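Down below is the structure, laid out as C-alpha cells.
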Amino acid sequence: MGRFIFRRLVRTFLAIWALASAVFLLSRHDLDTALRLALPDAASQTGTSPALLPQSQQAALQALRQRFGLDLPVFYVSYGPVSPAGAPAWRWNGRRNQYHQWLRDLARGNLGTSFRTGQGVAGRLRHALAFTLPLTGTAAVLAVLGALALAQRLATTPWWQRPLRVVLVAVHGLPLFVVALILLLVFANPDVLDWLPAYGFGQSSDLDLDAGQHLADILLHLILPVSALVLTAMPELTLQLTAAIQQELGSAYATTARAKGLSEAAVVRRHALRNALLPTLAQIAEFLPALVAGAVVVEVVFALPGMGRLLAEASAARDYPVLIGGVLLTGAVRLLALLLADLCYFWVDPRIRWQS
Amino acid sequence: MAVLTTFRPTWLQRLALAWLALLVLLAAAAPLLPLPYPPGVPDLAYMAEPPFSAARHWLGTDPQGRDVLSTLVFGARTAVLLTLPAALLAALVGGLAGAAAGFWGNTARVSLPYWLMGAGSVWWGLQLPSPVLGLGLILIGAILATISHFQSRTLPTWSFPINALVMGTATALDTVPRLIVVVALVASIGLSASGLLAVLVLTTWPQLARLVRAQMLRVRQLPFVEAARAAGLSEWQVWFRHALPHALHPLRTALPLSIAGLLGLESTLSFLGIGLPPEVASWGRLLATVRDEPSAWWVLLFPSLLLTMSILSLNALSRFSTPKA
C-alpha cells in the first residue's frame with residue numbers, strides 16, 4: 001500500500017513538473033508583449049511594434065528584462081544564429097539560463113516576482129489563498145455533507161426522487177458561471193430580490209463596526225459564492241453516491257440486514273453507505289482541485305479578492321510568474337487530495353489495511 | 001462496423017437531436033440570414049434596450065448597444081465552429097493514442113529500419129549538425145526495410161514504450177484541472193481562434209484516450225483478435241481492422257459529453273475575457289455584459305437558455321449508446 005501511494009505521488013509530481021515546465025517554456029516565446037503590458041503606461045503603447053517605441057521605452061524594456069533575468073537564454077540549448085549574420089545552429093548555454101534559475105529558485109521555495117507588481121509571487125498567492133481556502137473549503141464540506149444527506153434519502157426511492165433527479169441532472173449540465181450569474185441577478189439585485197450584497201467585499205463603509213458585525217458582513221458576502229460552488233459540485237457527487245448505494249442495496253448483506261428487521265433507513269446508513277463510499281472517495285480527490293478551478297469563475301463573478309481572480313487577471317495581463325505559481329499550487333492541491341484519498345481508503349477499507 | 005449500429009431514440013432524444021441540428025444549421029447559415037443588425041456593431045441610439053421595444057432589435061440590445069439576436073446567432077456559429085472540430089480532433093488523437101497504448105502496451109516491437117528512419121527524421125527535423133546525416137539515416141532505413149520485406153529476413157527489434165508515453169502525457173495534462181491549464185496556456189499563446197482550438201484539443205484528448213485504452217485492454221483479449229492473428233494478419237492489420245472499431249465504442253457516449261464540456265469551457269473562457277479576440281461574438285461574452293446592467297434580464301436569459309438547452313441535449317444524446325436491457 002505504501003509503495004503504491006508513493007509511486008502514485010511520484011508520478012503526479014513528475015506530471016506537475018512537466019506541465020509547469022511546459023507552461024514556463026511556452027510563455028517565453030512572446031515575452032515582449034508581456035513586458036510591454038507590465039510597463040507603467042502600457043495602455044498607451046498597445047499595438048505599436050517594438051521598433052517604433054521611443055528610446056526611453058526600449059531602455060525601460062531592457063531594464064525590466066535585466067531585472068527579471070530575462071536577458072539570459074531560455075533553456076540549456078538554444079537554436080538560432082550564432083552571430084548576427086551567421087547561419088542558425090544549436091548552441092549549449094550551460095547552467096546560466098532562465099529555466100535552470102527558475103528550477104533552482106523553485107527548489108528553494110522562491111516562486112519568482114510578478115511582472116506587473118514586482119511583488120513576490122509566493123506572497124501574493126498566500127494572500128489570495130487566505131481568502132480562497134475558506135471559501136472553497138466551506139463549499140467542499142457543505143457539498144460533501146449535502147451529497148451524503150441527499151443520497152441516503154434518494155436511495156430509499158421516495159416519491160420526490162424522480163423530479164429531484166431531473167433537477168440535479170439539469171443543474172449538473174449548467175456551467176458554473178451561469179449558475180453564479182443567475183444567483184447574483186436574482187438574490188442580489190435591487191430589481192428582483194435585494195436580500196444579499198453583491199459586490200464590495202471587505203469595503204464596509206462604517207468604520208465603527210465591531211468584530212461581530214464585521215464577521216457578519218463577511219459571511220453575508222460569502223453566502224452566494226459558496227452556494228454557487230455547492231450547487232455545481234453537489235449534483236455529480238449525489239448522483240454518483242445514490243447509484244453506488246442502490247447497487248449495494250441489491251447485495252446479499254443488505255437483504256440479511258432487512259431480514260433482521262432493520263428499517264430501510266438503517267440499512268442504508270449502517271450497511272450500504274459504508275460500502276458505497278469507496279468509489280466516491282476517488283471522486284472527492286478529483287473534486288478538491290476542481291473547486292480551485294471553480295474559484296476562478298466564482299471570484300470573477302462576485303468580484304472577490306481570491307486566487308481565482310488573481311489567476312484570471314494574470315492570464316489577461318500575461319503575468320507569467322503568477323500563472324505558473326497558480327499551476328504549481330493547483331498541482332500541490334492535487335497531490336494533497338490524492339494523498340488524502342489514499343489515506344481515507346486505508347482508513348475506510350479494512351481489506352486494504354490487511355493487504356499491507 | 002460496431003460504431004454504426006442502429007439505435008431507437010426516445011422522444012426526448014429526438015427533441016435533443018432536432019435542437020442540435022437546428023443549432024448547427026443556424027451556425028452554418030449565419031452569414032446568409034437576413035438579420036437586421038450585424039453583430040458586434042454598437043447601436044448607440046439604443047443601449048440596453050428591452051426586447052420587442054424599438055427599432056427592429058427583436059431581442060433587445062446589450063449595455064454596449066449591440067444587437068442580442070445577431071450576437072446569439074453568430075455566437076452559435078463561434079460555438080459550433082470551435083467545439084465540433086475540437087471534439088472531433090480530440091476524439092481522433094485520443095482514440096488512436098489510447099487504442100495504440102492499450103493494444104501494444106509497453107511491448108510494441110519496432111524493428112531496426114524503423115528506428116533508423118525515426119532517428120534520422122528527428123535528426124533532420126531538429127537541424128542538428130550536418131542535417132544530411134539524418135537524410136542518410138532515413139535512406140539506409142528505407143533500404144533495409146525494403147530488403148527485409150522482399151527477403152523476409154528478421155532484423156533485430158527493440159520495444160517502444162507507447163503506453164508509458166501516452167499515459168505519461170495524459171497524466172501531465174490532466175492532473176491540474178482543465179480550466180487552470182487552459183487559462184495558463186492561453187495566456188502564453190495569445191488571443192486567437194486557432195490557438196484556442198489547439199489548446200482545447202490538447203486538454204480534451206487525455207480523457208478520451210483513457211476510455212479507449214481501457215476498452216482496448218478488454219478487447220485485445222477477446223477470441224476474435226486471436227482468430228485474426230491465427231489467420232496470419234499482420235499486427236498492424238489486427239489492430240486497425242479488427243480491434244480498433246470495437247475499442248472506439250466508448251466514444252459514442254463520451255463524444256457528446258466532451259462536446260458539452262467544451263461548450264461550457266468555451267463560454268466560460270469568453271465570459272472571463274480569455275481566449276477569443278473581443279470582436280468575435282460569443283455567448284459567454286454576451287453573458288458577461290449583464291454585470292454592467294443588472295436589470296437587463298434579456299441579456300442573461302437568452303444566451304443562458306441556449307447554452308443550457310444545448311448542453312442538456314448533448315447529455316441526453318450521450319445516453320444513446322446504453323442498450324435497453
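Just remember, in the C-alpha cells the first chain shown is A, the second B, etc., residues are 1-based per chain, and ligands are 1-based in the order shown.
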Next item on the list: With a distance threshold of 7 Å and counting only C-alpha atoms, extract the residues of chain B near chain A and express them as a list in words.
Entry: Leu128, Thr171, Ala172, Leu173, Thr175, Val176, Pro177, Leu179, Ile180, Val183, Ala184, Leu185, Ala187, Ser188, Gly264, Thr268, Ile274, Pro294, Ser295, Ser304, Thr308, Ile311 and Leu312 of chain B
How about saving the chosen residues, C-alpha atoms kept, as a PDB file, in the first residue's frame?
ATOM      1  CA  LEU B 128      21.366  19.003 -35.701  1.00  0.00           C
ATOM      2  CA  THR B 171      -1.337  12.459 -16.741  1.00  0.00           C
ATOM      3  CA  ALA B 172       0.732  15.592 -17.210  1.00  0.00           C
ATOM      4  CA  LEU B 173      -2.173  17.261 -18.985  1.00  0.00           C
ATOM      5  CA  THR B 175      -3.594  16.343 -13.125  1.00  0.00           C
ATOM      6  CA  VAL B 176      -4.339  20.032 -12.912  1.00  0.00           C
ATOM      7  CA  PRO B 177      -7.981  20.989 -13.665  1.00  0.00           C
ATOM      8  CA  LEU B 179      -9.737  25.417 -16.686  1.00  0.00           C
ATOM      9  CA  ILE B 180      -6.439  26.259 -14.955  1.00  0.00           C
ATOM     10  CA  VAL B 183      -6.053  29.719 -18.643  1.00  0.00           C
ATOM     11  CA  ALA B 184      -2.289  29.306 -18.260  1.00  0.00           C
ATOM     12  CA  LEU B 185      -1.690  28.063 -21.810  1.00  0.00           C
ATOM     13  CA  ALA B 187      -2.004  33.433 -21.826  1.00  0.00           C
ATOM     14  CA  SER B 188       1.213  32.268 -23.431  1.00  0.00           C
ATOM     15  CA  GLY B 264     -19.192  25.062 -21.247  1.00  0.00           C
ATOM     16  CA  THR B 268     -16.583  30.222 -19.504  1.00  0.00           C
ATOM     17  CA  ILE B 274      -9.708  34.925 -22.125  1.00  0.00           C
ATOM     18  CA  PRO B 294     -28.161  44.100 -13.731  1.00  0.00           C
ATOM     19  CA  SER B 295     -31.711  44.928 -14.794  1.00  0.00           C
ATOM     20  CA  SER B 304     -28.017  31.043 -20.901  1.00  0.00           C
ATOM     21  CA  THR B 308     -28.348  25.174 -21.165  1.00  0.00           C
ATOM     22  CA  ILE B 311     -25.630  21.141 -23.037  1.00  0.00           C
ATOM     23  CA  LEU B 312     -28.684  19.214 -21.826  1.00  0.00           C
TER      24      LEU B 312
END
Next item on the list: Any chance you could list, as a list of chain:residue names, the residues in segment 76-251 of chain A that come up strand (DSSP E) when DSSP is run on the backbone?
Entry: A:Val77, A:Ser78, A:Tyr79, A:Gly80, A:Pro81, A:Pro88, A:Ala89, A:Trp90, A:Arg91, A:Trp92
Next item on the list: For Pro85 of chain B, list every protein, DNA or RNA residue within 10 Å, evaluated using only C-alpha atoms, and leave out those in the same chain fewer than 6 positions away; present the list as a PyMOL selection string.
Entry: chain B and resi 91+197+200-201+259
Next item on the list: Write down as a VMD selection string the residues of segment 82-299 of chain B whose backbone DSSP state falls under helix (DSSP H, G or I).
Entry: chain B and resid 82 to 104 112 to 125 132 to 151 162 to 174 178 to 189 193 to 219 223 to 230 235 to 247 251 to 272 283 to 292 297 to 299
Next item on the list: Could you tell me how far atom CA of Phe271 of chain B lies from atom CA of Ser318 of chain B, in Å and to one decimal?
Entry: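 For atom CA of Phe271 of chain B relative to atom CA of Ser318 of chain B, the distance reads 26.2 Å.
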Check: Quick one: of B:Leu286, B:Trp298, B:Gly94, B:Ala247, who's nearest to Gln221 of chain B, counting only C-alpha atoms?
Finding: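 Among the listed residues, B:Ala247 lies closest to Gln221 of chain B.
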Next item on the list: Would you please work out which residue, of A:Gly69, A:Gly146, A:Gly120, A:Gly137, is nearest to Glu236 of chain A when using only C-alpha atoms?
Entry: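 Of all the options, A:Gly146 lies closest to Glu236 of chain A.
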Check: Which residues come within 10 Å of segment 341-347 of chain A, counting only C-alpha atoms, excluding same-chain residues fewer than 5 positions away, as a list in words?
Finding: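 Counting only C-alpha atoms, the residues come to Met1, Gly2, Phe4, Ile5, Arg8, Leu277, Leu278, Pro279, Thr280, Leu281, Ala282, Gln283, Ile284, Ala285, Glu286, Leu335, Leu336, Ile352, Arg353, Trp354 and Ser356 of chain A.
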Notebook entry, point to check: Could you pull the residues within 12 Å of Arg67 of chain A, counting only C-alpha atoms, minus those fewer than 3 positions along the same chain, as a ChimeraX atom specification?
Noted result: /A:35,60-64,70-72,112-115,118
Next item on the list: Can you work out the spacing between atom CA of Asn106 of chain B and atom CA of Ile162 of chain B in Å, to one decimal?
Entry: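 Atom CA of Asn106 of chain B sits 5.6 Å away from atom CA of Ile162 of chain B.
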